[in-house]
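Structure file run_16.txt (compact mmCIF, C-alpha atoms and all ligand atoms) follows.
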# COMPACT_ATOMS: atom_id res chain seq x y z
CA MET L 1 37.61 16.64 -8.05
CA ASP L 2 34.64 17.29 -10.24
CA PHE L 3 35.66 17.97 -13.80
CA GLU L 4 32.23 17.29 -15.24
CA PHE L 5 31.12 20.88 -15.07
CA ASP L 6 33.87 22.34 -17.28
CA PHE L 7 33.71 19.30 -19.46
CA ASP L 8 30.16 20.02 -20.56
CA ARG L 9 30.67 23.67 -21.39
CA GLU L 10 31.86 25.26 -24.57
CA SER L 11 32.99 28.85 -24.76
CA PRO L 12 31.49 31.01 -27.51
CA PHE L 13 34.57 33.28 -27.55
CA GLN L 14 37.41 33.19 -30.05
CA PRO L 15 40.48 34.99 -28.80
CA GLY L 16 43.32 34.86 -31.26
CA ILE L 17 41.44 33.65 -34.31
CA PRO L 18 39.35 35.73 -36.71
CA VAL L 19 35.83 35.80 -35.35
CA SER L 20 33.29 33.62 -37.15
CA PRO L 21 30.74 35.68 -39.11
CA ASP L 22 27.80 34.80 -36.81
CA LYS L 23 29.65 36.22 -33.81
CA PHE L 24 31.04 39.25 -35.60
CA ARG L 25 29.79 42.53 -34.03
CA GLY L 26 30.12 46.22 -34.84
CA ARG L 27 32.03 47.75 -37.78
CA GLN L 28 28.75 48.73 -39.44
CA GLU L 29 30.20 51.75 -41.21
CA THR L 30 33.16 49.86 -42.58
CA ILE L 31 31.02 47.00 -43.81
CA LYS L 32 28.58 49.38 -45.45
CA LYS L 33 31.41 51.18 -47.16
CA ILE L 34 32.84 47.94 -48.55
CA LEU L 35 29.42 46.72 -49.70
CA ARG L 36 28.75 49.93 -51.61
CA TYR L 37 31.04 48.77 -54.38
CA VAL L 38 29.66 45.26 -54.72
CA ASN L 39 27.07 46.20 -57.34
CA PRO L 40 29.49 48.04 -59.63
CA ALA L 41 31.83 45.05 -59.37
CA ILE L 42 29.04 42.63 -60.27
CA ASN L 43 28.21 44.84 -63.25
CA GLY L 44 31.67 44.30 -64.63
CA LYS L 45 33.53 47.31 -63.27
CA THR L 46 36.36 45.78 -61.30
CA GLN L 47 36.65 47.36 -57.84
CA HIS L 48 39.55 47.70 -55.40
CA PHE L 49 39.28 48.28 -51.67
CA PHE L 50 42.15 48.66 -49.21
CA LEU L 51 41.29 48.04 -45.58
CA THR L 52 43.85 49.22 -43.06
CA GLY L 53 44.18 48.78 -39.32
CA LYS L 54 46.83 48.04 -36.76
CA ARG L 55 47.65 44.51 -35.67
CA ARG L 56 44.75 42.56 -34.16
CA MET L 57 42.28 45.32 -34.88
CA GLY L 58 40.02 42.96 -36.79
CA LYS L 59 40.94 43.24 -40.49
CA THR L 60 40.78 39.52 -41.20
CA SER L 61 37.49 39.29 -39.31
CA VAL L 62 35.97 42.06 -41.45
CA ALA L 63 37.20 40.43 -44.65
CA ASP L 64 35.81 37.07 -43.63
CA PHE L 65 32.47 38.59 -42.68
CA VAL L 66 32.21 40.34 -46.06
CA LYS L 67 33.09 37.14 -47.89
CA ASP L 68 30.37 35.26 -46.08
CA PHE L 69 27.83 38.06 -46.57
CA VAL L 70 28.31 38.56 -50.31
CA GLY L 71 28.29 34.80 -50.69
CA TYR L 72 24.75 34.37 -49.45
CA LYS L 73 23.32 37.78 -50.38
CA LYS L 74 24.77 38.15 -53.83
CA ASN L 75 25.87 34.68 -54.73
CA MET L 76 29.45 35.82 -55.18
CA ILE L 77 32.33 33.39 -54.96
CA GLY L 78 34.90 34.53 -52.42
CA VAL L 79 38.50 33.44 -52.21
CA TYR L 80 40.80 34.28 -49.34
CA VAL L 81 44.56 34.41 -49.73
CA SER L 82 46.87 35.27 -46.87
CA ASN L 83 50.04 36.89 -48.12
CA LYS L 84 51.74 36.60 -44.72
CA GLY L 85 55.50 36.40 -44.97
CA ASN L 86 55.51 36.62 -48.75
CA ASN L 87 57.12 39.35 -50.79
CA SER L 88 56.93 37.93 -54.28
CA ILE L 89 54.26 38.91 -56.78
CA GLU L 90 54.75 35.64 -58.66
CA ILE L 91 53.95 33.65 -55.53
CA LEU L 92 50.96 35.81 -54.68
CA THR L 93 49.44 35.47 -58.14
CA THR L 94 50.04 31.71 -58.07
CA TRP L 95 48.21 31.47 -54.75
CA ILE L 96 45.26 33.46 -56.06
CA ILE L 97 45.00 31.34 -59.18
CA GLU L 98 45.23 28.20 -57.06
CA ALA L 99 42.45 29.49 -54.79
CA LEU L 100 40.24 30.24 -57.81
CA ILE L 101 40.84 26.86 -59.39
CA ASN L 102 39.71 25.35 -56.11
CA GLU L 103 36.32 26.93 -56.73
CA LEU L 104 35.81 24.69 -59.76
CA PRO L 105 34.34 21.26 -59.11
CA GLN L 106 37.35 19.15 -58.11
CA LYS L 107 37.34 16.85 -61.11
CA SER L 108 37.05 19.60 -63.65
CA GLY L 109 39.61 21.62 -61.67
CA VAL L 110 42.22 18.96 -62.24
CA GLU L 111 41.24 18.55 -65.91
CA ARG L 112 41.30 22.27 -66.50
CA LEU L 113 44.70 22.51 -64.85
CA LYS L 114 46.06 19.93 -67.26
CA ASP L 115 44.46 21.57 -70.33
CA TRP L 116 45.58 25.01 -69.41
CA PHE L 117 49.03 24.48 -68.07
CA GLY L 118 50.07 21.16 -69.64
CA ASP L 119 53.82 20.60 -69.54
CA HIS L 120 54.38 23.49 -67.19
CA ILE L 121 52.89 21.53 -64.31
CA GLU L 122 55.45 20.00 -62.00
CA SER L 123 53.01 18.37 -59.61
CA ILE L 124 49.36 18.22 -58.64
CA GLU L 125 48.37 17.17 -55.16
CA ILE L 126 44.91 16.68 -53.72
CA LYS L 127 44.76 17.39 -50.02
CA GLY L 128 41.33 16.66 -48.63
CA THR L 129 39.11 18.70 -50.90
CA LYS L 130 41.87 21.08 -51.96
CA ILE L 131 43.92 20.97 -55.10
CA LYS L 132 47.51 22.15 -54.72
CA PHE L 133 49.85 22.42 -57.64
CA LYS L 134 53.36 23.42 -58.57
CA VAL L 135 54.24 24.91 -61.93
CA ASP L 136 57.54 25.87 -63.52
CA ASP L 137 59.13 29.32 -63.36
CA GLU L 138 58.09 30.27 -66.83
CA LEU L 139 54.41 29.81 -66.05
CA THR L 140 54.74 31.51 -62.67
CA ARG L 141 56.16 34.55 -64.45
CA SER L 142 53.30 34.53 -66.86
CA PHE L 143 50.81 34.38 -63.97
CA LYS L 144 52.26 37.66 -62.88
CA ASP L 145 52.47 39.26 -66.32
CA TYR L 146 49.07 38.16 -67.61
CA PHE L 147 47.22 37.87 -64.34
CA GLN L 148 44.01 39.42 -65.67
CA ASP L 149 43.87 36.88 -68.53
CA TYR L 150 44.11 33.96 -66.14
CA ILE L 151 41.36 35.33 -63.96
CA ASN L 152 39.27 35.95 -67.04
CA GLU L 153 39.68 32.37 -68.17
CA ILE L 154 38.82 30.90 -64.81
CA TYR L 155 35.84 33.22 -64.52
CA ASP L 156 34.54 31.90 -67.82
CA GLU L 157 34.39 28.46 -66.25
CA ILE L 158 32.31 29.51 -63.27
CA LYS L 159 30.23 32.37 -64.58
CA GLU L 160 27.06 30.31 -64.82
CA GLU L 161 27.13 29.67 -61.10
CA THR L 162 28.05 33.04 -59.70
CA GLU L 163 27.43 36.76 -59.94
CA GLY L 164 31.03 37.66 -59.41
CA ILE L 165 34.24 37.01 -57.54
CA LEU L 166 35.58 38.54 -54.36
CA ILE L 167 39.34 38.18 -54.05
CA ILE L 168 40.67 38.89 -50.57
CA ILE L 169 44.39 39.48 -50.25
CA ASP L 170 45.11 39.64 -46.55
CA ASP L 171 48.33 40.76 -44.87
CA ILE L 172 49.63 42.43 -47.96
CA ASN L 173 52.30 43.96 -45.71
CA GLY L 174 55.54 42.33 -46.88
CA LEU L 175 54.81 42.96 -50.53
CA SER L 176 54.02 46.58 -50.06
CA ASP L 177 57.61 47.42 -49.25
CA SER L 178 58.39 47.44 -52.92
CA ARG L 179 57.82 49.90 -55.66
CA GLU L 180 57.50 46.87 -57.94
CA PHE L 181 54.23 45.88 -56.30
CA ALA L 182 52.79 49.38 -56.57
CA ASP L 183 53.68 49.48 -60.27
CA TRP L 184 52.36 46.00 -60.94
CA TYR L 185 49.07 46.63 -59.20
CA LYS L 186 48.59 49.97 -60.91
CA LYS L 187 49.08 48.35 -64.28
CA LEU L 188 46.64 45.57 -63.45
CA ALA L 189 43.97 48.04 -62.32
CA ASP L 190 44.47 50.24 -65.40
CA THR L 191 44.30 47.30 -67.79
CA LEU L 192 41.07 46.12 -66.23
CA ALA L 193 39.61 49.61 -66.30
CA VAL L 194 40.33 50.70 -69.85
CA ASN L 195 40.49 47.53 -71.88
CA ASN L 196 37.14 46.52 -73.32
CA ASN L 197 38.21 42.91 -73.55
CA TYR L 198 37.69 42.60 -69.85
CA SER L 199 34.41 42.97 -68.17
CA LEU L 200 35.31 41.17 -65.04
CA PRO L 201 32.88 41.16 -62.14
CA VAL L 202 35.73 41.07 -59.66
CA TYR L 203 36.15 42.85 -56.35
CA PHE L 204 39.64 42.96 -54.85
CA LEU L 205 39.78 43.50 -51.10
CA LEU L 206 43.27 44.06 -49.72
CA ALA L 207 44.13 44.33 -46.03
CA GLY L 208 47.26 45.52 -44.28
CA TYR L 209 48.83 47.98 -41.86
CA PRO L 210 48.14 51.69 -42.33
CA GLU L 211 51.81 52.59 -42.78
CA LYS L 212 52.08 50.04 -45.60
CA PHE L 213 49.22 51.61 -47.49
CA ASN L 214 50.78 55.03 -47.02
CA ALA L 215 54.11 53.75 -48.28
CA LEU L 216 52.46 52.41 -51.43
CA VAL L 217 50.75 55.70 -52.09
CA ALA L 218 54.07 57.44 -51.59
CA TYR L 219 55.71 55.23 -54.26
CA GLU L 220 52.92 55.64 -56.73
CA GLU L 221 50.71 58.62 -56.23
CA SER L 222 47.86 57.29 -58.30
CA PHE L 223 47.87 54.12 -56.21
CA GLY L 224 45.62 55.93 -53.77
CA SER L 225 43.04 56.74 -56.41
CA ILE L 226 42.65 53.12 -57.50
CA PHE L 227 41.39 52.13 -54.08
CA HIS L 228 38.42 52.78 -51.93
CA HIS L 229 39.81 52.86 -48.44
CA ASP L 230 38.83 52.55 -44.83
CA PHE L 231 40.80 52.46 -41.61
CA ILE L 232 39.55 50.46 -38.66
CA ASP L 233 40.42 51.53 -35.16
CA CYS L 234 39.21 50.50 -31.71
CA LEU L 235 35.59 49.42 -31.33
CA SER L 236 33.25 51.84 -29.56
CA ASP L 237 31.95 50.98 -26.08
CA ASP L 238 28.49 50.40 -27.56
CA GLU L 239 29.89 47.87 -30.00
CA VAL L 240 31.69 46.08 -27.17
CA ILE L 241 28.50 46.07 -25.07
CA ASP L 242 26.54 44.51 -27.94
CA PHE L 243 29.22 41.92 -28.43
CA PHE L 244 29.27 40.83 -24.77
CA LYS L 245 25.49 40.82 -24.39
CA ASP L 246 24.86 38.88 -27.60
CA THR L 247 27.66 36.40 -27.18
CA PHE L 248 26.84 35.56 -23.55
CA ASN L 249 23.15 35.38 -24.42
CA GLN L 250 23.89 32.82 -27.09
CA VAL L 251 24.94 30.45 -24.31
CA GLY L 252 22.17 31.48 -21.93
CA MET L 253 24.23 33.70 -19.61
CA GLU L 254 23.25 37.10 -18.20
CA ILE L 255 25.60 39.88 -17.19
CA SER L 256 25.03 42.15 -14.20
CA LYS L 257 25.29 45.88 -14.88
CA ASP L 258 28.54 46.41 -12.97
CA ALA L 259 30.12 43.31 -14.48
CA LEU L 260 29.35 44.61 -17.96
CA GLU L 261 30.91 47.96 -17.07
CA THR L 262 34.07 46.26 -15.82
CA MET L 263 34.41 44.11 -18.92
CA VAL L 264 33.79 47.00 -21.30
CA ALA L 265 36.20 49.34 -19.51
CA PHE L 266 39.12 46.91 -19.56
CA SER L 267 38.48 45.81 -23.14
CA SER L 268 39.49 49.34 -24.17
CA GLY L 269 37.83 48.79 -27.53
CA LEU L 270 40.51 46.27 -28.49
CA PRO L 271 38.84 43.33 -30.24
CA LEU L 272 41.43 40.82 -29.07
CA MET L 273 41.22 42.01 -25.45
CA MET L 274 37.43 41.88 -25.67
CA GLN L 275 37.51 38.27 -26.90
CA GLN L 276 40.01 37.24 -24.24
CA ILE L 277 38.08 38.95 -21.45
CA GLY L 278 34.89 37.24 -22.65
CA GLU L 279 36.67 33.90 -22.68
CA SER L 280 38.19 34.31 -19.22
CA VAL L 281 34.96 35.61 -17.68
CA PHE L 282 33.09 32.68 -19.22
CA TRP L 283 35.34 30.25 -17.35
CA ALA L 284 35.42 32.33 -14.15
CA CYS L 285 31.63 32.22 -13.89
CA GLU L 286 30.21 28.85 -12.98
CA ASN L 287 26.52 29.64 -13.28
CA SER L 288 24.36 31.66 -15.62
CA MET L 289 24.63 35.07 -13.90
CA ILE L 290 27.88 36.97 -14.28
CA THR L 291 28.70 39.04 -11.20
CA ASN L 292 31.24 41.82 -10.90
CA GLU L 293 33.54 39.45 -8.97
CA ASN L 294 33.48 37.08 -11.94
CA ALA L 295 34.21 39.99 -14.26
CA ILE L 296 37.16 41.21 -12.19
CA GLN L 297 38.59 37.72 -11.94
CA GLY L 298 38.12 37.28 -15.68
CA VAL L 299 39.81 40.56 -16.53
CA ILE L 300 42.86 39.64 -14.44
CA ASN L 301 43.03 36.16 -15.94
CA ALA L 302 42.70 37.67 -19.38
CA SER L 303 45.73 39.85 -18.80
CA TYR L 304 47.76 36.74 -17.90
CA GLU L 305 46.59 35.01 -21.07
CA ILE L 306 47.31 37.98 -23.31
CA GLY L 307 50.50 38.52 -21.35
CA SER L 308 51.87 35.06 -21.85
CA LYS L 309 51.01 34.90 -25.54
CA GLN L 310 51.37 38.43 -26.87
CA ILE L 311 53.30 40.52 -24.40
CA ARG L 312 55.73 38.67 -22.14
CA PRO L 313 57.64 37.11 -25.05
CA ILE L 314 58.42 40.63 -26.26
CA LEU L 315 59.02 42.22 -22.86
CA ASN L 316 61.28 39.37 -21.81
CA GLN L 317 63.69 40.42 -24.53
CA LEU L 318 64.30 43.62 -22.62
CA LYS L 319 67.63 43.46 -20.88
CA SER L 320 66.77 46.18 -18.43
CA GLU L 321 64.13 45.69 -15.72
CA ASN L 322 63.94 49.42 -15.55
CA TYR L 323 62.18 49.60 -18.88
CA GLU L 324 59.21 47.68 -17.62
CA GLN L 325 59.00 49.96 -14.62
CA ILE L 326 58.97 52.97 -16.89
CA LEU L 327 56.14 51.46 -18.91
CA GLN L 328 54.25 50.75 -15.70
CA PHE L 329 54.87 54.31 -14.56
CA LEU L 330 53.53 55.75 -17.83
CA VAL L 331 50.35 53.73 -17.57
CA GLU L 332 49.77 54.48 -13.88
CA ASN L 333 50.02 58.15 -14.73
CA LYS L 334 47.65 57.79 -17.67
CA MET L 335 50.33 58.88 -20.10
CA GLN L 336 48.97 57.11 -23.16
CA THR L 337 50.41 60.03 -25.08
CA PHE L 338 53.24 61.90 -23.41
CA LYS L 339 56.05 64.32 -23.88
CA ARG L 340 59.57 63.17 -23.30
CA SER L 341 60.18 66.09 -21.00
CA ASP L 342 57.20 65.14 -18.81
CA VAL L 343 58.70 61.74 -18.11
CA LYS L 344 62.06 63.26 -17.43
CA ASP L 345 60.52 65.68 -14.92
CA SER L 346 58.37 63.17 -13.08
CA MET L 347 60.75 60.21 -12.92
CA GLU L 348 64.26 60.28 -11.65
CA ILE L 349 65.88 59.12 -14.80
CA THR L 350 68.87 60.20 -16.83
CA ASP L 351 68.64 61.49 -20.37
CA ASN L 352 70.69 58.58 -21.53
CA VAL L 353 68.41 55.92 -20.02
CA LEU L 354 65.34 57.69 -21.33
CA SER L 355 66.75 57.88 -24.86
CA LYS L 356 67.66 54.21 -24.85
CA PHE L 357 64.26 53.30 -23.46
CA LEU L 358 62.41 55.28 -26.11
CA SER L 359 64.36 53.94 -29.03
CA LYS L 360 63.97 50.36 -27.80
CA MET L 361 60.21 50.82 -27.37
CA VAL L 362 59.88 52.27 -30.86
CA GLU L 363 61.94 49.39 -32.26
CA LEU L 364 59.63 46.87 -30.57
CA GLY L 365 56.53 48.65 -31.84
CA ILE L 366 55.27 49.41 -28.33
CA LEU L 367 55.62 53.19 -28.60
CA GLU L 368 55.75 55.48 -31.59
CA SER L 369 56.76 59.05 -31.93
CA THR L 370 53.95 61.32 -33.04
CA GLY L 371 53.55 64.92 -34.05
CA HIS L 372 56.14 66.66 -36.14
CA LYS L 373 59.69 65.43 -36.25
CA ASN L 374 61.62 66.04 -33.04
CA SER L 375 58.43 67.02 -31.23
CA GLY L 376 59.48 64.72 -28.42
CA THR L 377 55.94 63.38 -28.24
CA TYR L 378 55.29 59.65 -28.01
CA GLU L 379 52.29 57.42 -27.70
CA PHE L 380 51.50 53.78 -27.19
CA SER L 381 51.27 52.47 -30.72
CA ASN L 382 50.03 49.16 -29.49
CA ASN L 383 47.25 49.67 -26.98
CA LEU L 384 47.36 46.06 -25.93
CA TYR L 385 50.45 46.99 -23.91
CA TYR L 386 48.77 49.97 -22.34
CA THR L 387 45.78 47.88 -21.34
CA TYR L 388 47.99 45.06 -20.07
CA PHE L 389 49.86 47.35 -17.67
CA TRP L 390 46.62 49.01 -16.69
CA ILE L 391 45.16 45.67 -15.63
CA LYS L 392 48.42 44.85 -13.80
CA SER L 393 48.13 47.98 -11.70
CA PHE L 394 44.43 47.32 -11.18
CA GLU L 395 45.33 43.85 -9.94
CA LYS L 396 47.84 45.34 -7.52
CA SER L 397 45.24 47.76 -6.18
CA GLN L 398 42.77 44.89 -5.73
CA SER L 399 45.16 42.82 -3.67
CA GLU L 400 46.02 45.81 -1.49
CA GLU L 401 42.35 46.39 -0.62
N1 LIG R 501 34.05 42.67 -35.18
C1 LIG R 501 34.51 41.77 -34.30
N2 LIG R 501 33.67 41.13 -33.44
C2 LIG R 501 34.16 40.24 -32.54
N3 LIG R 501 35.45 39.89 -32.44
C3 LIG R 501 36.34 40.47 -33.26
C4 LIG R 501 35.92 41.43 -34.24
N4 LIG R 501 37.02 41.85 -34.91
C5 LIG R 501 38.05 41.18 -34.41
N5 LIG R 501 37.68 40.33 -33.40
C6 LIG R 501 38.60 39.47 -32.62
O1 LIG R 501 39.81 40.19 -32.43
C7 LIG R 501 40.96 39.38 -32.66
C8 LIG R 501 41.80 39.95 -33.78
O2 LIG R 501 41.08 39.92 -35.00
P1 LIG R 501 41.71 39.71 -36.44
O3 LIG R 501 40.60 39.78 -37.42
O4 LIG R 501 42.57 38.50 -36.45
O5 LIG R 501 42.62 41.03 -36.55
P2 LIG R 501 43.71 41.46 -37.65
O6 LIG R 501 43.43 40.68 -38.89
O7 LIG R 501 43.50 42.94 -37.84
O8 LIG R 501 45.05 41.19 -37.03
C9 LIG R 501 40.42 37.98 -32.92
O9 LIG R 501 40.46 37.27 -31.71
C10 LIG R 501 38.97 38.20 -33.36
O10 LIG R 501 38.16 37.12 -32.96
MG MG R 502 44.70 39.35 -39.85
Once more with this new file: its structure as structure tokens, please.
Ligand SMILES: Nc1ncnc2c1ncn2[C@@H]1O[C@H](COP(=O)(O)OP(=O)(O)O)[C@@H](O)[C@H]1O
Ligand SMILES: [Mg+2]
Amino acid sequence: MDFEFDFDRESPFQPGIPVSPDKFRGRQETIKKILRYVNPAINGKTQHFFLTGKRRMGKTSVADFVKDFVGYKKNMIGVYVSNKGNNSIEILTTWIIEALINELPQKSGVERLKDWFGDHIESIEIKGTKIKFKVDDELTRSFKDYFQDYINEIYDEIKEETEGILIIIDDINGLSDSREFADWYKKLADTLAVNNNYSLPVYFLLAGYPEKFNALVAYEESFGSIFHHDFIDCLSDDEVIDFFKDTFNQVGMEISKDALETMVAFSSGLPLMMQQIGESVFWACENSMITNENAIQGVINASYEIGSKQIRPILNQLKSENYEQILQFLVENKMQTFKRSDVKDSMEITDNVLSKFLSKMVELGILESTGHKNSGTYEFSNNLYYTYFWIKSFEKSQSEE
């Protein structure tokens, strides 16, 4: 067997991890909207932006791109904090302060830590180039209560070297379930806005699910007015085309017209699907010209990859085989949005089974009910599932040919 060929190749695709800024494509409008508020932030008017989008829609990728961009265009320092799994404000503020301290030269970072926090420090660890520290509860509480003062102090240390600071708080989700967070954030934003003691060139960029942002606004009406906001949805076909052309060109590969059409169609504008299809097509094509056969093979392989990592683990929890058949049926009949009664009429299925199916799908986040309450209208809330079943039925039709 000749392994040499695969051995020498490296795929330019990145399914499953935020895309690196040089391979980031599309999202022009969103990026422009975020960048609009960079100058006011640099001029000392703290800004707040909330970016929403469903899972895997590309929020982290946008945030990372912006961080990179303002770093080299505006000489801003950017820190990224993932709030995944956390629902404590104390912990979040500690993480942000830790990230900022890591922007100081390492030696002075450690010295500053000792000066500032003295006896409250329980431990300081240096991991590679990163400083990690633990402080006592009293100080953690004060991080939360006087957050703006800590940022101010750290900013004083770095202001010679930078125009401003971008603070990204990603996956805010867990925290946003509490009124406490809405109140805390509102107070922080108000303090920074009205108090003349602060003229902080800071830009906060938060990212999370749309329903979480809505819940926060519902708790605290004025929460919405603190933030600039944008919602990211599927990429347009043109954005997907640019992505495939540019990324394959970077490694010297060309795409035939029909292959490009196949890849774009099955990507369905989903960034993760697009990355996985790119990856699978890359390995399915063993020369520099991608044919439609390569594209079809890649699309099918991609559905297995996405299936085994993102979809099967969830579907395998279903006790009833029937449920998967119903999903398949919906997709084959192009019922991305559907009325309960339409399914009832076209499938031989009892009311009871249908009710159980729908509530299970909503629970798993595969379907959601839309329209007014009791409208009986549902849609695929996670289009990865829709596309997965679509490729499955496409695969079946291919093997029947
Ligand atoms: N603009 C983009 N260009 C290329 N790939 C993208 C883009 N946005 C997202 N992706 C890809 O889509 C997948 C999900 O992106 P990610 O940023 O992790 O989404 P989220 O943070 O919303 O869950 C990743 O594999 C990433 O590489
Ligand atoms: Mg993310």
Let me know the centre plus edge lengths, in Å and rounded to one decimal, of a box with edges along x, y and z that contains all listed atoms of ligand LIG 501 (chain R) and is padded by 3 Å on every side, as JSON.
{"center_x": 39.4, "center_y": 40.0, "center_z": -35.3, "size_x": 17.4, "size_y": 11.8, "size_z": 13.2}
> Quick one: residues within 8 Å of Phe243 of chain L, all atoms listed in the file counted, chain neighbours fewer than 6 positions away excluded, as an NGL selection string?
Replying inline: :L and (23-26)
> Once you count only C-alpha atoms and all ligand atoms, which residues end up within 9 Å of ligand LIG 501 (chain R), and could you hand them over as a ChimeraX atom specification?
Replying inline: /L:13-21,23-27,52-65,170-171,207-209,232,235,239-240,243,270-276
> Could you state the separation of atom CA of Tyr323 of chain L and atom CA of Leu358 of chain L in Å, given to one decimal place?
Replying inline: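 Between these atoms lies a distance of 9.2 Å.
Coordinates place atom CA of Thr46 of chain L at a distance of 22.6 Å from atom CA of Arg179 of chain L.
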>> Quick one: residues within 12 Å of Lys356 of chain L, only C-alpha atoms, excluding same-chain residues fewer than 2 positions away - as a ChimeraX atom specification?
In response: /L:318-320,322-323,326,349-354,358-363
> With only C-alpha atoms and all ligand atoms as the atoms that count, which of L:Val66, L:Thr162, L:Trp390, L:Ile172 lies nearest to ligand MG 502 (chain R)?
Replying inline: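 Among the listed residues, L:Ile172 lies closest to ligand MG 502 (chain R).
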>> Give me, as a PyMOL selection string, all polymer residues having an atom no more than 9 Å from segment 104-111 of chain L, counting only C-alpha atoms and skipping those fewer than 5 positions away in the same chain.
In response: chain L and resi 116+124+129-131+154+157-158
Selected residues written out, C-alpha atoms, as a PDB file, in the frame of the given file:
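Here's the written file selection_22.pdb:
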ATOM      1  CA  TRP L 116      45.580  25.010 -69.410  1.00  0.00           C
ATOM      2  CA  ILE L 124      49.360  18.220 -58.640  1.00  0.00           C
ATOM      3  CA  THR L 129      39.110  18.700 -50.900  1.00  0.00           C
ATOM      4  CA  LYS L 130      41.870  21.080 -51.960  1.00  0.00           C
ATOM      5  CA  ILE L 131      43.920  20.970 -55.100  1.00  0.00           C
ATOM      6  CA  ILE L 154      38.820  30.900 -64.810  1.00  0.00           C
ATOM      7  CA  GLU L 157      34.390  28.460 -66.250  1.00  0.00           C
ATOM      8  CA  ILE L 158      32.310  29.510 -63.270  1.00  0.00           C
TER       9      ILE L 158
END
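Across the model, the gap from atom CA of Gly174 of chain L to atom CA of Lys84 of chain L is 7.2 Å.
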> Of the residues L:Thr30, L:Thr387, L:Thr247, L:Asn83, which is the one nearest to ligand MG 502 (chain R), using all atoms listed in the file?
Replying inline: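 Of all the options, L:Asn83 lies closest to ligand MG 502 (chain R).
If you measure from each of L:Val194, L:Leu206, L:Ile126, L:His48 to ligand MG 502 (chain R) using all atoms listed in the file, the closest one turns out to be L:Leu206.
The residue set within 10 Å of Ser288 of chain L, counting all atoms listed in the file and dropping same-chain residues fewer than 3 places from it, reads L:Phe248, L:Asn249, L:Val251, L:Gly252, L:Met253, L:Glu254, L:Ile255, L:Phe282, L:Cys285, L:Thr291.
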>> At a cut-off of 12 Å, using only C-alpha atoms, what residues contact Thr93 of chain L? Leave out same-chain residues fewer than 2 positions from it and give the result as a ChimeraX atom specification.
In response: /L:81-83,86-91,95-100,139-151,167,169,175,181,184-185,188
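Using all atoms listed in the file, the shortest contact distance between ligand MG 502 (chain R) and any of L:Asn301, L:Asn152, L:Asn173, L:Asn43 is found at L:Asn173.
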> Taking all atoms listed in the file into account, which of L:Pro40, L:Gly85, L:Pro210, L:Gly78 comes nearest Ile101 of chain L?
Replying inline: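 Nearest to Ile101 of chain L: L:Gly78.
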>> Restricting the calculation to all atoms listed in the file: of L:Asn287, L:Thr337, L:Ser303, L:Gln250, which residue gets closest to Ser11 of chain L?
In response: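 Under the stated criterion, the closest residue is L:Gln250.
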> What would the list of residues within 8 Å of (32.5, 37.5, -13.0) (file frame) look like as a ChimeraX atom specification, if all atoms listed in the file are what count?
Replying inline: /L:259,281-282,284-285,290-298
